[in-house]
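> Got a structure for you, questions after.
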Amino acid sequence: MAVQKKSAPRKVGRPTKYTPELAEKICDLIREGLSEREICSQKGMPDASTLGRWKDNNPEFCTQSARAREASAEKFNDELLELQANLNNELQTRLLNGDDFPKGTVEAFKVLMQEKARQISWRDDSRYGDRKTVKIQSDTPDLSTIDMEKLKAARELLYDETPDTDRT
C-alpha cells in the first residue's frame, strides 16, 4: 500500500485583490481627506471588512494607512486655520467699514470650525485630540522597603535622641 502525501489545503474563496499599488491609491485618498467608508463605496475599491482584513494581514499597509490618516489630519488642520483666518479677515473688514455682520454668520463659522476640529482629532488623536494623559509620579519611597534600624539611626542623628529618650 502506497503512502499518499498530503498536499497543502486549498484556500477557499476568491484570491485577494490586494496589491501594493492599490494600497498606495487607498492611502492617497485617505491623505486627500476621504474616509475609509467613502473610499470603500467607490467603484473598484474593497469593502470595509476587506480593508480591515488587509490591515490585519499586511502590517505595512496598516502603518501606511495610519500615516496617511495623520497627513489628512494636518490637511484638515490647515483648512481649519484658513477658515479662522477668513473669518477674522471678514470681521476686520466689516468693522473698518462699519458694516453689520449678517446674523448667524459667526455661528455658521463656529460650527464649521468645530466640525473641522472634530475631524482632525478623529484622524490623529495623539496630536489634535483633547484627551489628557495624567502621569502620577511620587517621590515618596515605598514604606514597606524601609529598614527600621536605619530609620532609628537617622532619627537619633536628626533629633539627637538615644533609643531610651522619649520625645513626648
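Order determines the names: the first chain of the C-alpha cells is A, the second B, and so forth; residues in each chain are numbered 1 upward, and ligands are numbered 1 upward as they are shown.
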Find the nearest atom pair between each residue of range 71-156 of chain A and range 18-38 of chain A for residues within 8 Å, count only C-alpha atoms, give distances in Å to one decimal, sort rows by chain and ascending number, and present the table as JSON lines.


{"residue": "A:Ala71", "atom": "CA", "partner": "A:Arg31", "partner_atom": "CA", "distance": 5.6}
{"residue": "A:Ser72", "atom": "CA", "partner": "A:Arg31", "partner_atom": "CA", "distance": 4.5}
{"residue": "A:Ala73", "atom": "CA", "partner": "A:Gly33", "partner_atom": "CA", "distance": 7.9}
{"residue": "A:Lys75", "atom": "CA", "partner": "A:Gly33", "partner_atom": "CA", "distance": 7.5}
{"residue": "A:Phe76", "atom": "CA", "partner": "A:Gly33", "partner_atom": "CA", "distance": 7.5}

> Could you pull the residues within 10 Å of Phe101 in chain A, counting only C-alpha atoms, minus those fewer than 4 positions along the same chain, as a list in words?

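Once the nearby chain positions are removed, what remains is Glu90, Leu91, Arg94, Leu95, Thr105 and Val106 of chain A.
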
> Generate the output file for the selected residues, C-alpha atoms, as a short mmCIF file (atom, residue, chain, number, x, y, z; two decimals), in the first residue's frame.


data_model
loop_
_atom_site.label_atom_id
_atom_site.label_comp_id
_atom_site.auth_asym_id
_atom_site.auth_seq_id
_atom_site.Cartn_x
_atom_site.Cartn_y
_atom_site.Cartn_z
CA GLU A 90 -14.13 89.30 7.18
CA LEU A 91 -14.71 90.62 10.71
CA ARG A 94 -16.69 94.81 8.26
CA LEU A 95 -15.53 96.57 11.44
CA THR A 105 -22.68 84.01 10.07
CA VAL A 106 -20.43 83.82 13.13
#

> For Met113 in chain A, find every residue with an atom within 9 Å (counting only C-alpha atoms), except residues of its own chain fewer than 5 positions away, and show them as a PyMOL selection string.

chain A and resi 80-81+83-84+108+118

> In Å to one decimal, how far is CA of Arg127 in chain A from CA of Lys55 in chain A?

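Value for the CA of Lys55 in chain A-CA of Arg127 in chain A distance: 22.5 Å.
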
> What's the 10 Å shell around Arg53 in chain A, counting only C-alpha atoms, without same-chain residues fewer than 5 positions away, as a PyMOL selection string?

chain A and resi 48+58+62

> Give me, please, the distance in Å between CA of Phe109 in chain A and CA of Glu74 in chain A, quoted to one decimal.

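Distance between the two atoms: 19.6 Å.
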
> Return as a VMD selection string the full set of residues in chain A whose backbone-based DSSP assignment is helix (DSSP H, G or I).

chain A and resid 20 to 31 36 to 40 48 to 57 59 to 97 105 to 123 125 to 128 143 to 145 148 to 159

> I need the chosen residues saved as a short mmCIF file (atom, residue, chain, number, x, y, z; two decimals), in the first residue's frame, with C-alpha atoms.


data_model
loop_
_atom_site.label_atom_id
_atom_site.label_comp_id
_atom_site.auth_asym_id
_atom_site.auth_seq_id
_atom_site.Cartn_x
_atom_site.Cartn_y
_atom_site.Cartn_z
CA PRO A 20 0.90 47.48 -3.20
CA GLU A 21 -0.37 49.81 -5.94
CA LEU A 22 -3.98 49.58 -4.73
CA ALA A 23 -2.82 50.07 -1.14
CA GLU A 24 -0.95 53.22 -2.20
CA LYS A 25 -4.02 54.52 -4.06
CA ILE A 26 -6.17 53.97 -0.95
CA CYS A 27 -3.62 55.81 1.19
CA ASP A 28 -3.52 58.69 -1.32
CA LEU A 29 -7.30 59.02 -0.99
CA ILE A 30 -7.02 58.97 2.81
CA ARG A 31 -4.37 61.74 2.61
CA GLU A 36 -12.38 54.72 4.58
CA ARG A 37 -16.16 54.43 4.24
CA GLU A 38 -16.11 56.88 1.32
CA ILE A 39 -13.21 55.05 -0.28
CA CYS A 40 -14.89 51.65 0.08
CA ALA A 48 -14.80 47.90 4.65
CA SER A 49 -14.38 44.37 6.01
CA THR A 50 -11.85 43.54 3.29
CA LEU A 51 -9.95 46.73 4.05
CA GLY A 52 -9.83 45.76 7.72
CA ARG A 53 -8.62 42.27 6.84
CA TRP A 54 -5.90 43.76 4.62
CA LYS A 55 -4.72 45.85 7.56
CA ASP A 56 -4.64 42.76 9.78
CA ASN A 57 -2.75 40.67 7.21
CA PRO A 59 1.23 45.35 8.78
CA GLU A 60 2.98 47.64 6.30
CA PHE A 61 -0.41 48.64 4.83
CA CYS A 62 -1.78 49.23 8.34
CA THR A 63 1.18 51.51 9.13
CA GLN A 64 0.93 53.23 5.74
CA SER A 65 -2.79 53.96 6.19
CA ALA A 66 -2.21 55.27 9.73
CA ARG A 67 0.42 57.70 8.41
CA ALA A 68 -1.96 58.74 5.64
CA ARG A 69 -4.63 59.47 8.28
CA GLU A 70 -2.12 61.63 10.19
CA ALA A 71 -1.36 63.52 6.97
CA SER A 72 -5.07 64.07 6.39
CA ALA A 73 -5.32 65.48 9.92
CA GLU A 74 -2.67 68.04 9.01
CA LYS A 75 -4.62 68.88 5.85
CA PHE A 76 -7.80 69.38 7.88
CA ASN A 77 -5.88 71.47 10.41
CA ASP A 78 -4.59 73.71 7.61
CA GLU A 79 -8.16 74.11 6.35
CA LEU A 80 -9.31 75.00 9.87
CA LEU A 81 -6.61 77.66 10.20
CA GLU A 82 -7.57 79.05 6.78
CA LEU A 83 -11.24 79.15 7.83
CA GLN A 84 -10.31 81.03 11.01
CA ALA A 85 -8.20 83.50 9.03
CA ASN A 86 -11.06 84.09 6.58
CA LEU A 87 -13.49 84.77 9.42
CA ASN A 88 -11.02 87.12 11.08
CA ASN A 89 -10.40 88.99 7.81
CA GLU A 90 -14.13 89.30 7.18
CA LEU A 91 -14.71 90.62 10.71
CA GLN A 92 -11.87 93.15 10.41
CA THR A 93 -13.12 94.39 7.03
CA ARG A 94 -16.69 94.81 8.26
CA LEU A 95 -15.53 96.57 11.44
CA LEU A 96 -13.38 99.02 9.49
CA ASN A 97 -16.21 99.74 7.03
CA THR A 105 -22.68 84.01 10.07
CA VAL A 106 -20.43 83.82 13.13
CA GLU A 107 -22.40 80.81 14.38
CA ALA A 108 -22.05 79.13 10.99
CA PHE A 109 -18.29 79.71 11.01
CA LYS A 110 -18.17 78.38 14.58
CA VAL A 111 -19.99 75.19 13.60
CA LEU A 112 -17.67 74.69 10.62
CA MET A 113 -14.59 75.16 12.76
CA GLN A 114 -15.89 72.77 15.43
CA GLU A 115 -16.60 70.12 12.78
CA LYS A 116 -13.11 70.55 11.30
CA ALA A 117 -11.59 70.23 14.79
CA ARG A 118 -13.63 67.06 15.40
CA GLN A 119 -12.44 65.60 12.09
CA ILE A 120 -8.84 66.47 12.93
CA SER A 121 -8.96 64.80 16.34
CA TRP A 122 -10.66 61.75 14.84
CA ARG A 123 -7.84 61.41 12.31
CA ASP A 125 -5.96 61.95 18.33
CA SER A 126 -2.39 61.83 19.60
CA ARG A 127 -1.63 65.36 18.35
CA TYR A 128 -5.01 67.02 17.90
CA LEU A 143 7.42 52.40 53.18
CA SER A 144 7.41 48.61 53.05
CA THR A 145 11.07 48.66 51.97
CA MET A 148 13.66 50.15 60.58
CA GLU A 149 17.16 50.04 62.09
CA LYS A 150 18.36 52.68 59.64
CA LEU A 151 15.28 54.77 60.38
CA LYS A 152 16.01 54.64 64.12
CA ALA A 153 19.65 55.62 63.49
CA ALA A 154 18.54 58.54 61.29
CA ARG A 155 16.10 59.69 63.96
CA GLU A 156 18.86 59.61 66.59
CA LEU A 157 21.07 61.77 64.39
CA LEU A 158 18.33 64.16 63.43
CA TYR A 159 16.75 64.70 66.83
#

> So how many Å separate CA of Val12 in chain A and CA of Ser41 in chain A, to one decimal?

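Here the two named atoms are 25.3 Å from each other.
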
> A:Lys17, A:Gly104, A:Asp139, A:Asp147: which is nearest Asp47 in chain A, counting only C-alpha atoms?

A:Lys17
